[in-house]
Amino acid sequence: MKKKFGTFKGVFVPSTEAILGTVLFLLMPHLVIQGGFLPMLAVVLLAHSVTLATSSSMADAATNLTKIEGGGLYALSKKSLGNAMGGAIGIQLYLAQAVSVGFYCIGFAEPLQPLLVPLLDFLPWFQGTGPETVLLQKQIIASFFFVLFFLIVMAGADFTLKIQIYILVVLGISVITILAGPLLGLTSGTMAAAASGSTTTEAVNPAMKIFTGALNLRGTTALSIPLFFIMFAQFFPAVTGISSGVGMSGDLATPQKSIVKGTFSAILITLIIYIFANLVFAFLNPITAYDDSGNPKLLTELYGIAKEFPGNLPGILILLGILFATCSSALSMFMTGPRTLQFLARDGILPRFMYFFKRDFKKEGTEPRYALLLTFFLGGSIIWMGDISFAATVVGILFLVVYAWMNGATFLERVSKNPSFRPTFKGHWLISLYGTLACLVAISLFSWQVGILVFASQFILFWLILRYKSHNRLEGIWWGVQFSAIQSGLRRLRKIVQGSHNWRPVVTAVGFCDEEDGWEVIGKLAESLAFYQGLVNLHLIKTARKFNSDVDTKKILIPASVIETSEPNQSILTLIQANGNSGVDSNTLLIQYHPKVENVSFLQKALEMNKNILYLKEGHLMKESGTIDIWWRGERNGNLMVLLAYIINISRRESRKEPYDIRIIRKLSGEETEEKAREELNALLDRARLHGEIKVLTKSDEKFLETLKSESESSAMVMMGLPGNYEGNAGKQENGNGRFMPIRGSIFKLDEFFFTREINNYKNLPATLFVRSARVMELD
């Protein structure tokens, strides 16, 4: 059975050791000397505030899960961000962890190289002092310990963590030595005193003391905003070690508790250590902290490592601290990196040929030893690549990007008010937002160009995983975020009155499953209206059981429902009066002709509710190419028909289909002249910035239906006005071509006998969309 670890051994120890790294021993003393106690205190507090915010987000994510698998930050982020984005983050996290092992081994070799060269000068590689020779020596030393660390981790997590505890003890002694520095009476004048024959410390010049009695508040360099940001950028990598403890998530007995308690404990304790270290370094003598050439001395030298024993004991303890800090960081990344890769393979994020990384080559073993081999290859390559400054910048930014997404995911979970996001840790969305923005600022301080490249590569990984591993299904918070945004927008939208100048189709569409036209036709038309800035709900009325197997609403890319009913008339009346778009009033009814329902009652109800009416007849004859003929008799219906034709064509272009040709046909009547009619229609198209062919037919005694047949017989679709009559204009009825115009103040009504007779005349003609506009649409 796989051994599980507790808070102290599994999270606190690796996190603390990673945070108390080389920055404390190598960089911080001289940052304090140059910047001063107060600016450095601000840097320390600011940097730790970012990790505290990130830890708060991790605590939110961890306590929201009933089970946390391995993979650390990858395991926490994939729950909120989904497999695609979580997988992209996990891949980048693994690469950063694997490459970091090589960096830490190089750091391990830095202080050892000058000490080991005199002992190994019998080897040809350790003879000479040139820059290339020194680099080679460091690479050899780093490689030796890299292999040693690899063998330790190969033995298993339990053995590695036992070593980590001993490392923590040595690291603690080293930190205590640093903090006790002002009490040790350290001086840099020992060699000078010996040369002059003096053996007492009283003979040493007081100016040669390592620590002075004066507190360096503001530094030796005038503080400026660029200097402050440089100090922050150099110090910030020290506090990013929190991922070391979280990376053991799959090996923890109670990860929900251990991640929260262990991470926060490590951050708070190391914060106190850094504040006191800042105070101690603020008493350093700037004169003794640099050599004659102006180069900064190592902390080991300041603490007397070059002296004779026991005077060199503080320096030796500092050296051990440096070595054990880098050793611990390397071991932590050697442990957590392969575990991230292991669970990427288990979750099916990686290509199939890489699935073996989830296994252990030991029988019944659970350690990620195959993944460890790849980590060995990547980390070892870094040691021998030469100049690692650019790679170090990339790795630092990779970690920051992961932290930014961790904060961003928690922020989005909270602001979208996801009901399934119920962490027991009570964070706040402002904390996560601060963590996100702070990480982005830190990325820009490192290198905004590299940051853009990292985000771009992350997007490519996201797209590949989404397409080939998640079957284009976007999971996680994204649906909830969009839903929350839409819901908020709909609430605001309900408070705004929609005018004719900024009109959008909000459509209730009704079709029939048992009609020869087929529900697919009205479904495609409804899709066209919805595709370009429209909201459409399609309802399919089903009364005949034999058509059950034919209805598959998944073919339609708009909200669609099948309504089984024995009372279709009542069902349709109810649908017309209902709001199907989250309270946004429907402004249009699109309905399919059906000979066995009460068509007039439906249309009359829509007229009473001041809705636009689109009434589809002979839809099964609609063609995929050709022309849309708009039979014009004025702007009341004509403007809406032109707008509908434009919307249909836009949706076809977006779907990479050939758009229809548009023809506006007008048959003259009364005293109208062809020249004036053509001029009016051209002006309309110019004003509306639309394209179409204009055809004006001269006045004749030919019946309108016969003219329609001769002109539009081969069209893909015909649009014309809805037949009806106007109250207050007795004896004058408006048939499809709008031959009689209403008087001012009249009300459009439908007579069932007249309407049924007119509609039946259009059987076996091209697909016809009868249009009744509730108001005159503005086209300019």
# chains A, B, ... in the order shown; residues from 1 in each chain; ligands from 1
call {"tool": "residues_around", "arguments": {"residues": "segment 364-369 of chain A", "least_positions_apart": "2", "cutoff": "12 Å", "atoms": "only C-alpha atoms", "output": "ChimeraX atom specification"}}
result
/A:1-4,70-71,150-158,248,250-251,334-346,355-362,371-376
call {"tool": "residues_around", "arguments": {"residues": "Trp125 of chain A", "least_positions_apart": "2", "cutoff": "7 Å", "atoms": "only C-alpha atoms", "output": "list of chain:residue names"}}
result
A:Leu123, A:Gln127, A:Gln137
call {"tool": "write_last_selection", "arguments": {"atoms": "N, CA and C atoms", "output": "JSON list (two decimals), in the first residue's frame"}}
result
[["chain", "number", "residue", "atom", "x", "y", "z"],
["A", 123, "LEU", "N", 43.02, 16.34, -11.88],
["A", 123, "LEU", "CA", 42.24, 16.00, -13.06],
["A", 123, "LEU", "C", 42.41, 17.08, -14.11],
["A", 127, "GLN", "N", 42.10, 22.03, -14.18],
["A", 127, "GLN", "CA", 43.33, 22.80, -14.30],
["A", 127, "GLN", "C", 43.05, 24.00, -15.20],
["A", 137, "GLN", "N", 34.03, 23.22, -15.11],
["A", 137, "GLN", "CA", 34.17, 22.66, -13.77],
["A", 137, "GLN", "C", 32.83, 22.68, -13.02]]
call {"tool": "closest_residue", "arguments": {"among": "A:Phe462, A:Phe483, A:Phe144, A:Phe324", "to": "Ala84 of chain A", "atoms": "only C-alpha atoms"}}
result
A:Phe462
call {"tool": "select_by_dssp", "arguments": {"residues": "segment 296-499 of chain A", "states": "alpha helix (DSSP H)", "output": "PyMOL selection string"}}
result
chain A and resi 299-302+313-346+369-383+389-415+429-468+477-493
call {"tool": "atom_distance", "arguments": {"atom1": "atom CA of Tyr615 of chain A", "atom2": "atom CA of Glu635 of chain A"}}
result
18.4 Å
call {"tool": "atom_distance", "arguments": {"atom1": "atom CA of Phe377 of chain A", "atom2": "atom CA of Val99 of chain A"}}
result
9.4 Å
call {"tool": "residues_around", "arguments": {"residues": "Ile275 of chain A", "least_positions_apart": "4", "cutoff": "9 Å", "atoms": "only C-alpha atoms", "output": "ChimeraX atom specification"}}
result
/A:40-41,44-45,270-271,279-280
call {"tool": "write_last_selection", "arguments": {"atoms": "C-alpha atoms", "output": "PDB file, in the first residue's frame"}}
result
ATOM      1  CA  MET A  40      13.684  45.852   1.121  1.00  0.00           C
ATOM      2  CA  LEU A  41      11.056  45.404   3.831  1.00  0.00           C
ATOM      3  CA  VAL A  44       9.581  41.288   1.194  1.00  0.00           C
ATOM      4  CA  LEU A  45       6.048  42.157   2.295  1.00  0.00           C
ATOM      5  CA  THR A 270       9.678  32.241   6.156  1.00  0.00           C
ATOM      6  CA  LEU A 271       8.193  35.754   6.106  1.00  0.00           C
ATOM      7  CA  LEU A 279      17.150  43.670   9.669  1.00  0.00           C
ATOM      8  CA  VAL A 280      20.451  41.825  10.151  1.00  0.00           C
TER       9      VAL A 280
END
call {"tool": "closest_residue", "arguments": {"among": "A:Ile242, A:Leu779, A:Ala716, A:Ile140", "to": "Ser56 of chain A", "atoms": "only C-alpha atoms"}}
result
A:Ile242
call {"tool": "residues_around", "arguments": {"residues": "segment 285-297 of chain A", "least_positions_apart": "6", "cutoff": "9 Å", "atoms": "only C-alpha atoms", "output": "ChimeraX atom specification"}}
result
/A:29-30,33-34,187-188,207-212,214,216,220
call {"tool": "write_last_selection", "arguments": {"atoms": "N, CA, C and O atoms", "output": "PDB file, in the first residue's frame"}}
result
ATOM      1  N   PRO A  29      21.682  39.914   0.889  1.00  0.00           N
ATOM      2  CA  PRO A  29      22.575  40.845   1.595  1.00  0.00           C
ATOM      3  C   PRO A  29      22.900  42.097   0.794  1.00  0.00           C
ATOM      4  O   PRO A  29      22.869  43.213   1.328  1.00  0.00           O
ATOM      5  N   HIS A  30      23.196  41.942  -0.470  1.00  0.00           N
ATOM      6  CA  HIS A  30      23.592  43.091  -1.288  1.00  0.00           C
ATOM      7  C   HIS A  30      22.380  43.889  -1.766  1.00  0.00           C
ATOM      8  O   HIS A  30      22.498  45.089  -2.030  1.00  0.00           O
ATOM      9  N   ILE A  33      21.917  46.176   1.189  1.00  0.00           N
ATOM     10  CA  ILE A  33      22.952  47.216   1.228  1.00  0.00           C
ATOM     11  C   ILE A  33      22.627  48.315   0.218  1.00  0.00           C
ATOM     12  O   ILE A  33      22.691  49.512   0.529  1.00  0.00           O
ATOM     13  N   GLN A  34      22.250  47.944  -0.990  1.00  0.00           N
ATOM     14  CA  GLN A  34      21.983  48.937  -2.035  1.00  0.00           C
ATOM     15  C   GLN A  34      20.656  49.644  -1.823  1.00  0.00           C
ATOM     16  O   GLN A  34      20.566  50.867  -1.980  1.00  0.00           O
ATOM     17  N   THR A 187      34.800  40.219  11.840  1.00  0.00           N
ATOM     18  CA  THR A 187      35.620  41.291  11.246  1.00  0.00           C
ATOM     19  C   THR A 187      36.230  40.792   9.950  1.00  0.00           C
ATOM     20  O   THR A 187      36.318  39.588   9.693  1.00  0.00           O
ATOM     21  N   SER A 188      36.683  41.740   9.156  1.00  0.00           N
ATOM     22  CA  SER A 188      37.382  41.398   7.912  1.00  0.00           C
ATOM     23  C   SER A 188      38.856  41.737   8.006  1.00  0.00           C
ATOM     24  O   SER A 188      39.564  41.693   7.016  1.00  0.00           O
ATOM     25  N   ALA A 207      36.565  50.221  11.637  1.00  0.00           N
ATOM     26  CA  ALA A 207      35.895  50.353  10.346  1.00  0.00           C
ATOM     27  C   ALA A 207      35.882  49.048   9.572  1.00  0.00           C
ATOM     28  O   ALA A 207      35.158  48.916   8.592  1.00  0.00           O
ATOM     29  N   MET A 208      36.709  48.063  10.008  1.00  0.00           N
ATOM     30  CA  MET A 208      36.782  46.791   9.313  1.00  0.00           C
ATOM     31  C   MET A 208      35.817  45.755   9.864  1.00  0.00           C
ATOM     32  O   MET A 208      35.845  44.602   9.478  1.00  0.00           O
ATOM     33  N   LYS A 209      34.951  46.179  10.796  1.00  0.00           N
ATOM     34  CA  LYS A 209      33.957  45.246  11.309  1.00  0.00           C
ATOM     35  C   LYS A 209      32.922  44.922  10.226  1.00  0.00           C
ATOM     36  O   LYS A 209      32.559  45.770   9.426  1.00  0.00           O
ATOM     37  N   ILE A 210      32.460  43.683  10.209  1.00  0.00           N
ATOM     38  CA  ILE A 210      31.460  43.256   9.221  1.00  0.00           C
ATOM     39  C   ILE A 210      30.116  43.921   9.494  1.00  0.00           C
ATOM     40  O   ILE A 210      29.432  44.376   8.571  1.00  0.00           O
ATOM     41  N   PHE A 211      29.754  44.005  10.750  1.00  0.00           N
ATOM     42  CA  PHE A 211      28.495  44.633  11.131  1.00  0.00           C
ATOM     43  C   PHE A 211      28.780  45.917  11.900  1.00  0.00           C
ATOM     44  O   PHE A 211      29.665  45.963  12.758  1.00  0.00           O
ATOM     45  N   THR A 212      28.034  46.968  11.568  1.00  0.00           N
ATOM     46  CA  THR A 212      28.158  48.249  12.246  1.00  0.00           C
ATOM     47  C   THR A 212      26.992  48.430  13.206  1.00  0.00           C
ATOM     48  O   THR A 212      26.042  47.665  13.214  1.00  0.00           O
ATOM     49  N   ALA A 214      25.077  51.035  13.005  1.00  0.00           N
ATOM     50  CA  ALA A 214      24.111  51.934  12.355  1.00  0.00           C
ATOM     51  C   ALA A 214      23.195  51.129  11.436  1.00  0.00           C
ATOM     52  O   ALA A 214      23.653  50.294  10.649  1.00  0.00           O
ATOM     53  N   ASN A 216      21.081  50.661   8.274  1.00  0.00           N
ATOM     54  CA  ASN A 216      21.047  51.182   6.904  1.00  0.00           C
ATOM     55  C   ASN A 216      19.593  51.224   6.430  1.00  0.00           C
ATOM     56  O   ASN A 216      19.079  50.253   5.901  1.00  0.00           O
ATOM     57  N   THR A 220      22.657  52.437  -0.072  1.00  0.00           N
ATOM     58  CA  THR A 220      23.758  53.212  -0.638  1.00  0.00           C
ATOM     59  C   THR A 220      23.417  53.800  -2.001  1.00  0.00           C
ATOM     60  O   THR A 220      24.161  54.622  -2.520  1.00  0.00           O
TER      61      THR A 220
END
call {"tool": "atom_distance", "arguments": {"atom1": "atom CA of Leu750 of chain A", "atom2": "atom CA of Met717 of chain A"}}
result
23.6 Å
call {"tool": "select_by_dssp", "arguments": {"residues": "segment 338-585 of chain A", "states": "strand (DSSP E)", "output": "count of residues only"}}
result
20
call {"tool": "closest_residue", "arguments": {"among": "A:Asn407, A:Ser601, A:Ser488, A:Thr588", "to": "Ile431 of chain A", "atoms": "only C-alpha atoms"}}
result
A:Asn407
call {"tool": "closest_residue", "arguments": {"among": "A:Val441, A:Ile556, A:Leu722, A:Leu590", "to": "Ala509 of chain A", "atoms": "only C-alpha atoms"}}
result
A:Leu590
call {"tool": "residues_around", "arguments": {"residues": "Leu46 of chain A", "least_positions_apart": "5", "cutoff": "10 Å", "atoms": "only C-alpha atoms", "output": "NGL selection string"}}
result
:A and (40-41 or 51-52 or 232 or 236 or 438)
call {"tool": "write_last_selection", "arguments": {"atoms": "all heavy atoms", "output": "PDB file, in the first residue's frame"}}
result
ATOM      1  N   MET A  40      13.635  47.313   1.186  1.00  0.00           N
ATOM      2  CA  MET A  40      13.684  45.852   1.121  1.00  0.00           C
ATOM      3  C   MET A  40      12.553  45.241   1.937  1.00  0.00           C
ATOM      4  O   MET A  40      11.998  44.205   1.553  1.00  0.00           O
ATOM      5  CB  MET A  40      15.034  45.353   1.643  1.00  0.00           C
ATOM      6  CG  MET A  40      15.283  43.884   1.318  1.00  0.00           C
ATOM      7  SD  MET A  40      15.374  43.616  -0.478  1.00  0.00           S
ATOM      8  CE  MET A  40      14.848  41.917  -0.608  1.00  0.00           C
ATOM      9  N   LEU A  41      12.194  45.881   3.051  1.00  0.00           N
ATOM     10  CA  LEU A  41      11.056  45.404   3.831  1.00  0.00           C
ATOM     11  C   LEU A  41       9.780  45.477   2.996  1.00  0.00           C
ATOM     12  O   LEU A  41       8.954  44.545   3.025  1.00  0.00           O
ATOM     13  CB  LEU A  41      10.899  46.244   5.100  1.00  0.00           C
ATOM     14  CG  LEU A  41       9.718  45.871   6.005  1.00  0.00           C
ATOM     15  CD1 LEU A  41       9.872  44.450   6.531  1.00  0.00           C
ATOM     16  CD2 LEU A  41       9.587  46.870   7.151  1.00  0.00           C
ATOM     17  N   THR A  51       2.250  35.566  -2.706  1.00  0.00           N
ATOM     18  CA  THR A  51       2.162  34.131  -2.429  1.00  0.00           C
ATOM     19  C   THR A  51       1.048  33.830  -1.429  1.00  0.00           C
ATOM     20  O   THR A  51       0.439  32.757  -1.493  1.00  0.00           O
ATOM     21  CB  THR A  51       3.500  33.597  -1.886  1.00  0.00           C
ATOM     22  OG1 THR A  51       3.914  34.398  -0.773  1.00  0.00           O
ATOM     23  CG2 THR A  51       4.564  33.654  -2.960  1.00  0.00           C
ATOM     24  N   LEU A  52       0.778  34.770  -0.514  1.00  0.00           N
ATOM     25  CA  LEU A  52      -0.354  34.570   0.389  1.00  0.00           C
ATOM     26  C   LEU A  52      -1.669  34.570  -0.387  1.00  0.00           C
ATOM     27  O   LEU A  52      -2.570  33.761  -0.114  1.00  0.00           O
ATOM     28  CB  LEU A  52      -0.373  35.654   1.465  1.00  0.00           C
ATOM     29  CG  LEU A  52       0.609  35.469   2.625  1.00  0.00           C
ATOM     30  CD1 LEU A  52       0.653  36.720   3.497  1.00  0.00           C
ATOM     31  CD2 LEU A  52       0.223  34.250   3.468  1.00  0.00           C
ATOM     32  N   PHE A 232      12.566  43.906  -6.510  1.00  0.00           N
ATOM     33  CA  PHE A 232      11.434  42.981  -6.432  1.00  0.00           C
ATOM     34  C   PHE A 232      11.621  41.800  -7.371  1.00  0.00           C
ATOM     35  O   PHE A 232      11.384  40.639  -6.993  1.00  0.00           O
ATOM     36  CB  PHE A 232      10.140  43.725  -6.767  1.00  0.00           C
ATOM     37  CG  PHE A 232       8.917  42.861  -6.744  1.00  0.00           C
ATOM     38  CD1 PHE A 232       8.276  42.568  -5.559  1.00  0.00           C
ATOM     39  CD2 PHE A 232       8.396  42.318  -7.912  1.00  0.00           C
ATOM     40  CE1 PHE A 232       7.157  41.754  -5.506  1.00  0.00           C
ATOM     41  CE2 PHE A 232       7.275  41.511  -7.893  1.00  0.00           C
ATOM     42  CZ  PHE A 232       6.655  41.235  -6.686  1.00  0.00           C
ATOM     43  N   PHE A 236      11.729  38.106  -5.844  1.00  0.00           N
ATOM     44  CA  PHE A 236      10.469  37.386  -5.952  1.00  0.00           C
ATOM     45  C   PHE A 236      10.616  35.882  -6.174  1.00  0.00           C
ATOM     46  O   PHE A 236       9.845  35.088  -5.626  1.00  0.00           O
ATOM     47  CB  PHE A 236       9.598  37.987  -7.060  1.00  0.00           C
ATOM     48  CG  PHE A 236       8.210  37.417  -7.113  1.00  0.00           C
ATOM     49  CD1 PHE A 236       7.259  37.809  -6.194  1.00  0.00           C
ATOM     50  CD2 PHE A 236       7.863  36.473  -8.067  1.00  0.00           C
ATOM     51  CE1 PHE A 236       5.982  37.277  -6.211  1.00  0.00           C
ATOM     52  CE2 PHE A 236       6.591  35.939  -8.102  1.00  0.00           C
ATOM     53  CZ  PHE A 236       5.648  36.352  -7.178  1.00  0.00           C
ATOM     54  N   ALA A 438      -1.044  40.784  -9.611  1.00  0.00           N
ATOM     55  CA  ALA A 438       0.330  40.861  -9.121  1.00  0.00           C
ATOM     56  C   ALA A 438       1.242  39.915  -9.906  1.00  0.00           C
ATOM     57  O   ALA A 438       2.383  40.274 -10.223  1.00  0.00           O
ATOM     58  CB  ALA A 438       0.365  40.528  -7.635  1.00  0.00           C
TER      59      ALA A 438
END
